[in-house]
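Next comes coords-v3.txt, with compact mmCIF, C-alpha atoms and all ligand atoms.
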# COMPACT_ATOMS: atom_id res chain seq x y z
CA MET A 1 0.00 0.00 0.00
CA PRO A 2 1.45 3.42 -0.85
CA ILE A 3 2.32 5.35 2.27
CA SER A 4 -0.07 8.19 1.52
CA SER A 5 -3.18 5.99 1.37
CA ALA A 6 -2.07 4.03 4.44
CA LYS A 7 -1.76 7.35 6.20
CA ILE A 8 -5.27 8.33 5.26
CA ILE A 9 -6.61 5.05 6.58
CA ALA A 10 -4.74 5.45 9.84
CA PHE A 11 -6.05 8.97 10.24
CA ALA A 12 -9.55 7.72 9.62
CA LEU A 13 -9.02 5.04 12.23
CA LEU A 14 -7.75 7.60 14.66
CA LEU A 15 -10.70 9.82 14.05
CA ALA A 16 -12.92 6.82 14.57
CA SER A 17 -11.29 6.30 17.95
CA ALA A 18 -11.78 9.94 18.87
CA ALA A 19 -15.47 9.82 18.01
CA PRO A 20 -17.82 7.79 20.24
CA ALA A 21 -16.00 4.49 20.61
CA PRO A 22 -16.77 2.09 17.75
CA ALA A 23 -18.40 -1.09 19.01
CA PRO A 24 -15.39 -3.39 19.22
CA ALA A 25 -15.80 -6.60 17.23
CA ARG A 26 -15.08 -8.81 20.17
CA ALA A 27 -16.71 -11.03 22.74
CA THR A 28 -18.96 -9.43 25.30
CA TYR A 29 -17.57 -8.59 28.69
CA GLN A 30 -18.89 -11.20 31.04
CA ARG A 31 -16.08 -11.48 33.48
CA GLY A 32 -17.03 -9.76 36.71
CA LEU A 33 -14.55 -8.88 39.37
CA PRO A 34 -14.17 -11.11 42.37
CA THR A 35 -16.18 -9.84 45.28
CA ASP A 36 -15.12 -12.35 47.93
CA PRO A 37 -12.29 -11.08 50.08
CA GLY A 38 -8.98 -12.52 48.96
CA SER A 39 -10.43 -14.33 45.96
CA THR A 40 -8.57 -14.21 42.68
CA SER A 41 -9.46 -14.28 39.04
CA VAL A 42 -7.61 -14.05 35.80
CA SER A 43 -8.23 -12.02 32.68
CA ARG A 44 -9.12 -13.59 29.32
CA TYR A 45 -5.50 -13.96 28.15
CA GLY A 46 -4.12 -14.37 31.67
CA LYS A 47 -2.06 -11.19 31.45
CA ILE A 48 -3.65 -9.62 34.53
CA THR A 49 -4.53 -11.35 37.80
CA PHE A 50 -6.99 -9.80 40.21
CA ASN A 51 -7.22 -10.02 43.96
CA SER A 52 -9.80 -8.10 45.95
CA SER A 53 -9.87 -7.05 49.55
CA SER A 54 -12.20 -4.99 51.75
CA ASN A 55 -15.25 -6.78 50.36
CA GLY A 56 -14.37 -5.73 46.85
CA ASN A 57 -13.60 -2.11 47.65
CA VAL A 58 -9.94 -2.54 46.71
CA THR A 59 -8.65 -4.61 43.80
CA ARG A 60 -5.05 -5.42 43.05
CA ALA A 61 -4.53 -5.91 39.34
CA THR A 62 -1.22 -7.64 38.71
CA PHE A 63 0.38 -7.48 35.26
CA ASN A 64 2.14 -10.62 34.12
CA ASN A 65 3.34 -11.02 30.55
CA PRO A 66 6.71 -12.77 30.70
CA PRO A 67 9.47 -12.17 30.01
CA ILE A 68 9.38 -8.34 29.82
CA ASN A 69 5.74 -7.37 30.37
CA LEU A 70 5.68 -6.24 26.75
CA VAL A 71 2.47 -4.32 26.11
CA ASP A 72 1.27 -6.54 23.30
CA ALA A 73 -2.22 -7.11 21.87
CA PHE A 74 -3.06 -9.53 24.71
CA VAL A 75 -2.09 -7.16 27.52
CA VAL A 76 -3.98 -4.38 25.77
CA SER A 77 -7.09 -6.55 25.41
CA ASP A 78 -7.01 -7.69 29.03
CA LEU A 79 -6.47 -4.16 30.29
CA PHE A 80 -9.30 -2.89 28.11
CA ASP A 81 -11.69 -5.59 29.41
CA PHE A 82 -10.77 -4.78 32.98
CA LEU A 83 -11.20 -1.02 32.60
CA HIS A 84 -14.46 -1.61 30.78
CA SER A 85 -15.68 -3.74 33.71
CA LEU A 86 -15.12 -0.79 36.06
CA GLN A 87 -17.71 1.39 34.35
CA PRO A 88 -20.48 2.25 36.79
CA ALA A 89 -24.05 1.13 36.16
CA PRO A 90 -27.17 1.06 38.33
CA ASN A 91 -26.90 -1.53 41.10
CA LYS A 92 -23.40 -2.52 40.05
CA THR A 93 -20.56 -2.47 42.54
CA THR A 94 -17.15 -1.41 41.34
CA PRO A 95 -13.99 -1.16 43.40
CA LYS A 96 -13.19 2.19 44.96
CA VAL A 97 -9.49 1.71 44.43
CA VAL A 98 -7.48 -0.32 41.94
CA VAL A 99 -3.79 -0.88 42.64
CA PHE A 100 -1.81 -1.94 39.57
CA ASP A 101 1.33 -3.91 40.26
CA SER A 102 3.42 -6.55 38.51
CA ALA A 103 4.40 -10.16 39.06
CA ASN A 104 7.73 -9.46 37.33
CA PRO A 105 10.46 -8.06 39.59
CA ASP A 106 12.25 -6.37 36.65
CA TRP A 107 9.28 -4.89 34.85
CA PHE A 108 6.16 -3.00 35.85
CA LEU A 109 5.19 -2.60 32.19
CA GLY A 110 7.33 -2.69 29.09
CA HIS A 111 6.98 -0.77 25.89
CA TYR A 112 4.45 -1.32 23.11
CA ASP A 113 4.91 -4.35 20.90
CA LEU A 114 6.63 -2.56 18.04
CA HIS A 115 5.47 -5.22 15.59
CA ASN A 116 2.16 -3.38 15.89
CA ILE A 117 3.53 -0.18 14.37
CA GLU A 118 5.57 -1.88 11.65
CA LEU A 119 4.19 -1.33 8.17
CA PRO A 120 1.93 -2.51 6.71
CA PHE A 121 -0.42 -0.99 9.29
CA THR A 122 -3.14 -3.63 9.00
CA GLN A 123 -6.65 -3.39 10.35
CA THR A 124 -5.63 -5.72 13.20
CA LYS A 125 -2.76 -3.44 14.18
CA ALA A 126 -5.02 -0.40 13.93
CA ASP A 127 -7.55 -2.13 16.19
CA VAL A 128 -4.88 -2.77 18.82
CA PHE A 129 -3.68 0.82 18.51
CA ASN A 130 -7.22 2.14 18.97
CA GLN A 131 -7.70 -0.14 21.95
CA VAL A 132 -4.56 1.29 23.54
CA ILE A 133 -6.06 4.73 23.18
CA ASP A 134 -9.34 3.50 24.65
CA CYS A 135 -7.43 2.13 27.65
CA THR A 136 -5.82 5.51 28.26
CA ARG A 137 -9.19 7.24 27.89
CA TYR A 138 -10.77 4.85 30.39
CA ILE A 139 -7.96 5.53 32.85
CA LEU A 140 -8.77 9.23 32.49
CA ASN A 141 -12.55 9.11 32.46
CA THR A 142 -13.30 6.44 35.07
CA THR A 143 -13.92 8.78 37.96
CA SER A 144 -15.60 6.36 40.38
CA THR A 145 -12.41 4.35 40.95
CA ALA A 146 -9.00 5.65 42.03
CA PHE A 147 -6.03 4.17 40.13
CA ILE A 148 -2.72 3.65 41.89
CA ALA A 149 0.41 2.40 40.12
CA GLU A 150 2.68 0.47 42.49
CA ILE A 151 5.86 0.50 40.45
CA ASN A 152 8.80 -1.69 41.36
CA GLY A 153 10.38 -2.39 38.02
CA ARG A 154 10.86 -0.74 34.68
CA THR A 155 7.98 1.20 33.21
CA ILE A 156 9.18 2.12 29.76
CA GLY A 157 7.58 3.62 26.67
CA LEU A 158 3.88 2.75 26.61
CA GLY A 159 4.25 1.36 30.14
CA GLN A 160 5.25 4.81 31.34
CA GLU A 161 2.49 6.41 29.30
CA LEU A 162 -0.11 4.26 31.00
CA SER A 163 1.30 4.73 34.49
CA ILE A 164 1.63 8.51 34.18
CA GLN A 165 -2.11 8.76 33.50
CA MET A 166 -3.01 6.95 36.71
CA ASP A 167 -4.04 8.99 39.73
CA MET A 168 -1.02 8.20 41.88
CA ARG A 169 2.35 6.47 41.42
CA PHE A 170 4.49 4.96 44.16
CA ALA A 171 7.94 3.56 43.52
CA GLY A 172 10.15 0.86 44.98
CA PRO A 173 13.88 0.14 44.66
CA ASN A 174 13.61 -1.38 41.16
CA ALA A 175 11.49 1.41 39.72
CA LEU A 176 12.75 2.97 36.51
CA ALA A 177 10.46 5.10 34.35
CA SER A 178 11.17 6.47 30.89
CA SER A 179 9.46 7.71 27.78
CA PHE A 180 12.38 6.95 25.48
CA GLU A 181 10.52 7.20 22.16
CA ASP A 182 12.39 10.30 20.96
CA SER A 183 15.48 8.06 20.67
CA LEU A 184 13.57 6.02 18.07
CA GLY A 185 12.57 9.09 16.09
CA LEU A 186 9.07 8.77 17.52
CA THR A 187 7.38 10.49 20.45
CA ALA A 188 5.51 9.33 23.54
CA ALA A 189 2.14 9.68 21.89
CA ALA A 190 -0.37 7.91 24.11
CA GLY A 191 0.03 10.34 27.00
CA GLY A 192 3.73 10.32 27.89
CA GLN A 193 4.41 13.79 26.50
CA PRO A 194 1.17 15.60 27.32
CA PHE A 195 1.13 14.42 30.93
CA LEU A 196 4.80 14.73 31.83
CA GLY A 197 4.74 18.54 31.50
CA PRO A 198 1.90 19.06 34.01
CA VAL A 199 3.30 16.40 36.36
CA ILE A 200 6.94 17.52 36.65
CA GLY A 201 6.98 20.94 34.94
CA LYS A 202 7.76 21.90 31.36
CA ALA A 203 11.54 22.34 31.57
CA ARG A 204 12.09 19.03 33.32
CA ALA A 205 9.71 17.23 30.98
CA MET A 206 11.74 18.65 28.08
CA GLU A 207 14.93 17.29 29.62
CA TYR A 208 13.55 13.79 30.19
CA LEU A 209 11.68 13.51 26.89
CA LEU A 210 14.15 15.17 24.51
CA ALA A 211 17.12 13.30 26.00
CA ALA A 212 15.25 10.01 26.52
CA LYS A 213 16.31 9.95 30.17
CA ALA A 214 15.00 7.64 32.89
CA PHE A 215 13.76 8.43 36.40
CA ASP A 216 14.84 6.10 39.16
CA GLY A 217 12.72 5.98 42.31
CA PRO A 218 14.42 8.74 44.34
CA THR A 219 14.70 11.08 41.33
CA GLY A 220 11.10 10.45 40.35
CA GLU A 221 10.00 11.23 43.89
CA ARG A 222 12.05 14.43 44.01
CA LEU A 223 10.60 15.66 40.72
CA GLY A 224 7.01 14.69 41.54
CA LEU A 225 6.59 11.80 39.10
CA PHE A 226 6.27 9.41 42.03
CA ASN A 227 4.25 10.35 45.10
CA THR A 228 6.69 8.51 47.35
CA TYR A 229 9.75 6.32 46.90
CA TYR A 230 10.06 3.37 49.30
CA PRO A 231 13.45 1.69 49.61
CA THR A 232 12.10 -1.86 49.95
CA ALA A 233 9.49 -3.83 48.04
CA GLU A 234 7.79 -4.82 51.31
CA LYS A 235 7.47 -1.22 52.49
CA LEU A 236 6.16 -0.15 49.09
CA ARG A 237 3.49 -2.83 49.12
CA SER A 238 2.40 -2.34 52.72
CA GLU A 239 2.22 1.45 52.45
CA VAL A 240 0.29 1.36 49.17
CA SER A 241 -2.11 -1.23 50.58
CA ALA A 242 -2.66 0.88 53.69
CA LEU A 243 -3.35 3.94 51.55
CA ALA A 244 -5.80 2.03 49.35
CA GLU A 245 -7.66 0.63 52.37
CA ARG A 246 -7.85 4.11 53.88
CA ILE A 247 -9.31 5.61 50.70
CA ALA A 248 -11.77 2.70 50.55
CA LEU A 249 -13.24 3.68 53.94
CA PHE A 250 -14.95 6.67 52.34
CA PRO A 251 -18.04 6.82 50.15
CA GLN A 252 -17.56 6.27 46.44
CA HIS A 253 -19.42 9.47 45.53
CA SER A 254 -16.73 11.47 47.33
CA ILE A 255 -13.96 9.65 45.45
CA ASN A 256 -15.89 10.32 42.26
CA ASP A 257 -16.31 14.02 42.92
CA THR A 258 -12.65 14.51 43.83
CA LYS A 259 -11.59 12.73 40.66
CA VAL A 260 -14.01 14.73 38.50
CA THR A 261 -12.64 17.95 40.02
CA LEU A 262 -8.94 17.15 39.72
CA SER A 263 -9.40 15.73 36.22
CA LEU A 264 -9.79 19.35 35.13
CA LEU A 265 -6.00 19.51 35.46
CA ASN A 266 -5.55 16.88 32.73
CA PRO A 267 -4.67 17.88 29.17
CA THR A 268 -7.85 18.11 27.09
CA ILE A 269 -8.97 15.14 25.03
CA ALA A 270 -8.75 17.38 21.94
CA SER A 271 -5.08 18.06 22.64
CA LEU A 272 -4.45 14.34 23.14
CA ASP A 273 -6.13 13.59 19.81
CA ASP A 274 -4.04 16.28 18.11
CA GLN A 275 -0.88 14.69 19.40
CA LEU A 276 -1.90 11.26 18.14
CA ALA A 277 -2.57 12.75 14.73
CA ARG A 278 0.97 14.17 14.73
CA PHE A 279 2.41 10.80 15.77
CA ILE A 280 1.09 8.82 12.80
CA PRO A 281 3.17 10.56 10.11
CA LEU A 282 6.32 10.06 12.24
CA MET A 283 5.57 6.37 12.45
CA TYR A 284 5.40 6.16 8.65
CA LEU A 285 8.78 7.81 8.00
CA PRO A 286 11.02 5.29 6.23
CA GLU A 287 13.89 5.99 8.65
CA ASP A 288 11.62 5.35 11.64
CA GLN A 289 10.39 2.10 10.13
CA ALA A 290 14.05 1.10 9.68
CA THR A 291 14.73 1.98 13.32
CA ILE A 292 11.77 -0.08 14.49
CA ALA A 293 12.97 -3.11 12.51
CA LYS A 294 16.49 -2.72 13.90
CA PHE A 295 15.16 -2.26 17.43
CA ILE A 296 13.24 -5.53 17.16
CA GLU A 297 16.40 -7.25 15.95
CA VAL A 298 18.85 -5.91 18.56
CA SER A 299 16.37 -6.46 21.39
CA GLY A 300 16.29 -10.18 20.52
CA ASN A 301 12.76 -9.75 19.19
CA GLN A 302 11.68 -7.74 22.27
CA THR A 303 12.56 -10.44 24.73
CA ASP A 304 14.59 -10.79 27.91
CA SER A 305 17.77 -9.29 26.41
CA LYS A 306 20.51 -7.03 27.71
CA PHE A 307 19.16 -4.44 25.30
CA GLU A 308 15.65 -4.48 26.79
CA LEU A 309 16.94 -4.53 30.35
CA GLY A 310 19.30 -1.67 29.49
CA LEU A 311 16.61 0.69 28.21
CA PRO A 312 16.62 3.61 27.76
CA GLU A 313 20.45 3.81 27.78
CA SER A 314 20.82 0.92 25.31
CA SER A 315 18.64 2.77 22.83
CA VAL A 316 20.59 6.01 23.26
CA GLN A 317 23.83 4.08 22.77
CA ALA A 318 22.39 2.42 19.66
CA VAL A 319 21.83 5.90 18.20
CA ARG A 320 25.40 6.96 19.09
CA ASP A 321 26.79 3.80 17.52
CA GLY A 322 24.71 4.17 14.37
CA VAL A 323 23.04 0.82 15.01
CA TYR A 324 19.60 2.05 13.95
CA LEU A 325 20.83 3.29 10.54
C1 LIG B 1 -5.04 -11.75 47.94
O1 LIG B 1 -5.05 -10.71 48.91
C2 LIG B 1 -5.14 -11.16 50.24
C3 LIG B 1 -5.19 -9.93 51.14
O2 LIG B 1 -6.20 -9.08 50.74
C4 LIG B 1 -3.93 -12.02 50.59
O3 LIG B 1 -4.07 -12.52 51.87
C5 LIG B 1 -3.81 -13.16 49.60
O4 LIG B 1 -2.61 -13.84 49.82
C6 LIG B 1 -3.81 -12.63 48.17
N1 LIG B 1 -3.83 -13.74 47.24
C7 LIG B 1 -2.97 -13.83 46.24
C8 LIG B 1 -3.12 -15.04 45.35
O5 LIG B 1 -2.10 -13.01 46.04
C1 LIG B 2 -16.64 -1.11 51.37
O1 LIG B 2 -17.43 0.02 51.00
C2 LIG B 2 -18.74 -0.04 51.49
C3 LIG B 2 -19.55 1.09 50.84
O2 LIG B 2 -18.92 2.32 51.04
C4 LIG B 2 -18.69 0.06 53.00
O3 LIG B 2 -19.99 -0.02 53.51
C5 LIG B 2 -17.86 -1.10 53.53
O4 LIG B 2 -17.67 -0.95 54.92
C6 LIG B 2 -16.50 -1.15 52.86
N1 LIG B 2 -15.85 -2.38 53.28
C7 LIG B 2 -14.67 -2.40 53.87
C8 LIG B 2 -14.20 -3.75 54.33
O5 LIG B 2 -13.98 -1.39 54.01
C1 LIG B 3 -31.66 -1.48 41.57
O1 LIG B 3 -32.04 -2.10 42.79
C2 LIG B 3 -33.23 -1.57 43.35
C3 LIG B 3 -33.42 -2.17 44.73
O2 LIG B 3 -33.24 -3.57 44.68
C4 LIG B 3 -34.40 -1.84 42.42
O3 LIG B 3 -35.58 -1.28 42.92
C5 LIG B 3 -34.08 -1.19 41.06
O4 LIG B 3 -35.10 -1.52 40.13
C6 LIG B 3 -32.76 -1.67 40.52
N1 LIG B 3 -32.41 -0.90 39.34
C7 LIG B 3 -31.96 -1.50 38.23
C8 LIG B 3 -31.69 -0.58 37.06
O5 LIG B 3 -31.77 -2.71 38.13
C1 LIG B 4 -14.48 6.85 28.41
O1 LIG B 4 -13.57 6.30 27.47
C2 LIG B 4 -14.04 5.15 26.83
C3 LIG B 4 -12.90 4.58 26.00
O2 LIG B 4 -12.52 5.47 25.00
C4 LIG B 4 -15.27 5.49 26.00
O3 LIG B 4 -15.78 4.32 25.40
C5 LIG B 4 -16.32 6.09 26.92
O4 LIG B 4 -17.41 6.52 26.14
C6 LIG B 4 -15.76 7.25 27.69
N1 LIG B 4 -16.74 7.67 28.67
C7 LIG B 4 -17.03 8.93 28.86
C8 LIG B 4 -18.05 9.20 29.92
O5 LIG B 4 -16.52 9.82 28.22
C1 LIG B 5 -19.38 11.10 39.13
O1 LIG B 5 -19.59 12.49 39.04
C2 LIG B 5 -20.13 12.89 37.81
C3 LIG B 5 -20.17 14.40 37.80
O2 LIG B 5 -20.91 14.88 38.88
C4 LIG B 5 -21.51 12.28 37.64
O3 LIG B 5 -22.02 12.62 36.38
C5 LIG B 5 -21.38 10.77 37.73
O4 LIG B 5 -22.67 10.18 37.71
C6 LIG B 5 -20.69 10.37 39.01
N1 LIG B 5 -20.46 8.95 38.98
C7 LIG B 5 -20.66 8.20 40.03
C8 LIG B 5 -20.42 6.74 39.86
O5 LIG B 5 -21.03 8.66 41.09
C1 LIG B 6 9.09 -12.41 17.36
O1 LIG B 6 8.16 -12.51 18.43
C2 LIG B 6 6.83 -12.57 18.01
C3 LIG B 6 5.96 -12.55 19.23
O2 LIG B 6 6.19 -11.34 19.94
C4 LIG B 6 6.60 -13.82 17.18
O3 LIG B 6 5.28 -13.84 16.71
C5 LIG B 6 7.57 -13.83 16.00
O4 LIG B 6 7.45 -15.04 15.33
C6 LIG B 6 8.99 -13.64 16.48
N1 LIG B 6 9.85 -13.49 15.33
C7 LIG B 6 11.00 -14.13 15.22
C8 LIG B 6 11.79 -13.84 13.99
O5 LIG B 6 11.40 -14.89 16.08
Represent the supplied structure as structure tokens.
Amino acid sequence: MPISSAKIIAFALLLASAAPAPAPARATYQRGLPTDPGSTSVSRYGKITFNSSSNGNVTRATFNNPPINLVDAFVVSDLFDFLHSLQPAPNKTTPKVVVFDSANPDWFLGHYDLHNIELPFTQTKADVFNQVIDCTRYILNTTSTAFIAEINGRTIGLGQELSIQMDMRFAGPNALASSFEDSLGLTAAAGGQPFLGPVIGKARAMEYLLAAKAFDGPTGERLGLFNTYYPTAEKLRSEVSALAERIALFPQHSINDTKVTLSLLNPTIASLDDQLARFIPLMYLPEDQATIAKFIEVSGNQTDSKFELGLPESSVQAVRDGVYL
């Protein structure tokens, strides 16, 4: 397909995602959340495990997509189903707080599966892309549930874009957050750029985005990316659980009103859509497609490689060494 017509299709798909969400051609959402204390359940593709406490008022949602918690089509689908299940309806109970964590000690969430932005940009890839955007929009517009990211591993690329849109972020000793997409000739399109400015200030966001730098726990805490840094995994978990249980003592309508009010500080949906529209042409640049192909190769096909574990520095070094050319 010539690039220009592919571009038009992608734009149309993006516009479709910005308009009232198209009815996804997928199974209906039957899976409810566990309501028994301590019970567990697993998402459709098993990429997220749930465990509720406080009679369902708090849910831990644990990402698990070995080896690197790559945000692939399955993670996206499971996350979408879960966020969809949180939508309020008459006589339906939803958790007051969701804590996202990870079963992988090295990764909270990895980057997007770059196969999904390799040309040709098929309908399937466009569907996954649109579902990513729907996930971010659900994170922003679900006001009846507070979202906490309990980060004790890498949260890189799309992982960082998802976590930065949650209501609160707490970090442990293994936390490392980065929107490194500028090093690929791309940008952090699904929220990484628009949210980093308001969260840590424009000049610092420029530094971390333009230079593809990473925040460790203490730095992220100092700059306001993380609410608090805890030096041990145990302390992180116990403090976040205590906070979630405390929030869950209060009525859901109060949580909802506070979230509605503070959501006014978010970038507008129109500005988020504009940024996505600017991202698509970058993705189609021949040099960026070459970089994506090379990235997939040097990362051992996005698996548990030194390259993946070394992000974002390994990507910066790859640029210095001319590896992506
Ligand atoms: C689920 O959470 C409860 C505490 O709320 C805990 O006792 C239990 O071990 C957890 N189960 C799993 C499988 O993590
Ligand atoms: C869960 O929330 C409900 C409704 O606000 C409340 O009545 C109940 O006490 C809470 N349960 C726990 C264990 O906190
Ligand atoms: C919700 O529950 C109440 C009380 O049981 C009932 O009267 C009402 O019809 C229910 N509403 C819906 C939409 O199911
Ligand atoms: C929230 O976002 C989802 C996903 O894009 C969308 O389907 C839904 O209509 C939105 N809800 C509101 C109230 O805007
Ligand atoms: C949350 O607040 C908004 C704005 O007042 C309201 O439209 C919505 O119904 C509330 N949702 C819940 C679940 O209370
Ligand atoms: C790369 O990994 C994907 C799954 O992420 C797999 O479908 C594909 O076959 C792999 N390619 C190679 C060349 O191993």
Need the shell around segment 217-223 of chain A: protein/DNA/RNA residues with any atom at most 12 Å away, counting only C-alpha atoms. Skip same-chain ones fewer than 5 positions apart. Format as a PyMOL selection string? chain A and resi 150-155+164+168-178+196-205+208+228-233+236
Test item: residues no farther than 6 Å from ligand LIG 4 (chain B), counting only C-alpha atoms and all ligand atoms, as an MDAnalysis selection string: chainID A and resid 21 134 137:138 141
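Non-sequential neighbours of Gln252 of chain A (distance at most 8 Å, separation of 6 or more positions within a chain, all atoms listed in the file) are Lys96, Ser144 and Thr145 of chain A.
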Box dimensions and centre (Å, one decimal) enclosing ligand LIG 3 (chain B), axis-aligned, 6 Å extra per side, as AutoDock Vina command-line options:
--center_x -33.6 --center_y -2.1 --center_z 40.9 --size_x 15.9 --size_y 15.0 --size_z 19.7
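Counting all atoms listed in the file and comparing A:Ala126, A:Ile156, A:Ala244, A:Leu86, the residue that lies closest to ligand LIG 1 (chain B) is A:Ala244.
Identified as lying at most 8 Å from ligand LIG 2 (chain B) when counting only C-alpha atoms and all ligand atoms are the residues Ser53, Ser54, Asn55, Gly56, Asn57, Lys96, Glu245, Ala248, Leu249, Phe250, Pro251 and Gln252 of chain A.
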Go through chain A residue by residue and, counting all atoms listed in the file, keep those with an atom at most 8 Å from ligand LIG 5 (chain B); for each kept residue give the shortest atom pair and its distance in Å to one decimal, ordered by chain and increasing number, as JSON lines.
{"residue": "A:Pro88", "atom": "CA", "partner": "B:LIG5", "partner_atom": "C8", "distance": 5.4}
{"residue": "A:Ala89", "atom": "CA", "partner": "B:LIG5", "partner_atom": "C8", "distance": 7.6}
{"residue": "A:Thr143", "atom": "CA", "partner": "B:LIG5", "partner_atom": "C1", "distance": 6.0}
{"residue": "A:Ser144", "atom": "CA", "partner": "B:LIG5", "partner_atom": "C8", "distance": 4.9}
{"residue": "A:Gln252", "atom": "CA", "partner": "B:LIG5", "partner_atom": "O5", "distance": 6.8}
{"residue": "A:His253", "atom": "CA", "partner": "B:LIG5", "partner_atom": "O5", "distance": 4.8}
{"residue": "A:Asn256", "atom": "CA", "partner": "B:LIG5", "partner_atom": "C1", "distance": 4.8}
{"residue": "A:Asp257", "atom": "CA", "partner": "B:LIG5", "partner_atom": "O1", "distance": 5.3}
{"residue": "A:Val260", "atom": "CA", "partner": "B:LIG5", "partner_atom": "O1", "distance": 6.0}
Residue contacts of Gly46 of chain A (12 Å, all atoms listed in the file) excluding same-chain residues fewer than 6 positions away, as a VMD selection string: chain A and resid 40 61 to 66 74 to 79 81 to 82
Identify, counting only C-alpha atoms and all ligand atoms, the protein, DNA and RNA residues located within 12 Å of ligand LIG 6 (chain B), and give them as a tab-separated table (two decimals) with C-alpha atoms, in the frame of the given file.
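Saved to result_16.tsv:
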chain	number	residue	atom	x	y	z
A	65	ASN	CA	3.34	-11.02	30.55
A	66	PRO	CA	6.71	-12.77	30.70
A	67	PRO	CA	9.47	-12.17	30.01
A	68	ILE	CA	9.38	-8.34	29.82
A	69	ASN	CA	5.74	-7.37	30.37
A	70	LEU	CA	5.68	-6.24	26.75
A	71	VAL	CA	2.47	-4.32	26.11
A	72	ASP	CA	1.27	-6.54	23.30
A	73	ALA	CA	-2.22	-7.11	21.87
A	74	PHE	CA	-3.06	-9.53	24.71
A	75	VAL	CA	-2.09	-7.16	27.52
A	112	TYR	CA	4.45	-1.32	23.11
A	113	ASP	CA	4.91	-4.35	20.90
A	114	LEU	CA	6.63	-2.56	18.04
A	115	HIS	CA	5.47	-5.22	15.59
A	116	ASN	CA	2.16	-3.38	15.89
A	293	ALA	CA	12.97	-3.11	12.51
A	295	PHE	CA	15.16	-2.26	17.43
A	296	ILE	CA	13.24	-5.53	17.16
A	297	GLU	CA	16.40	-7.25	15.95
A	298	VAL	CA	18.85	-5.91	18.56
A	299	SER	CA	16.37	-6.46	21.39
A	300	GLY	CA	16.29	-10.18	20.52
A	301	ASN	CA	12.76	-9.75	19.19
A	302	GLN	CA	11.68	-7.74	22.27
A	303	THR	CA	12.56	-10.44	24.73
A	304	ASP	CA	14.59	-10.79	27.91
Find the residues near ligand LIG 3 (chain B). Use a cut-off of 10 Å, count all atoms listed in the file, and write them as an NGL selection string. :A and (89-92)
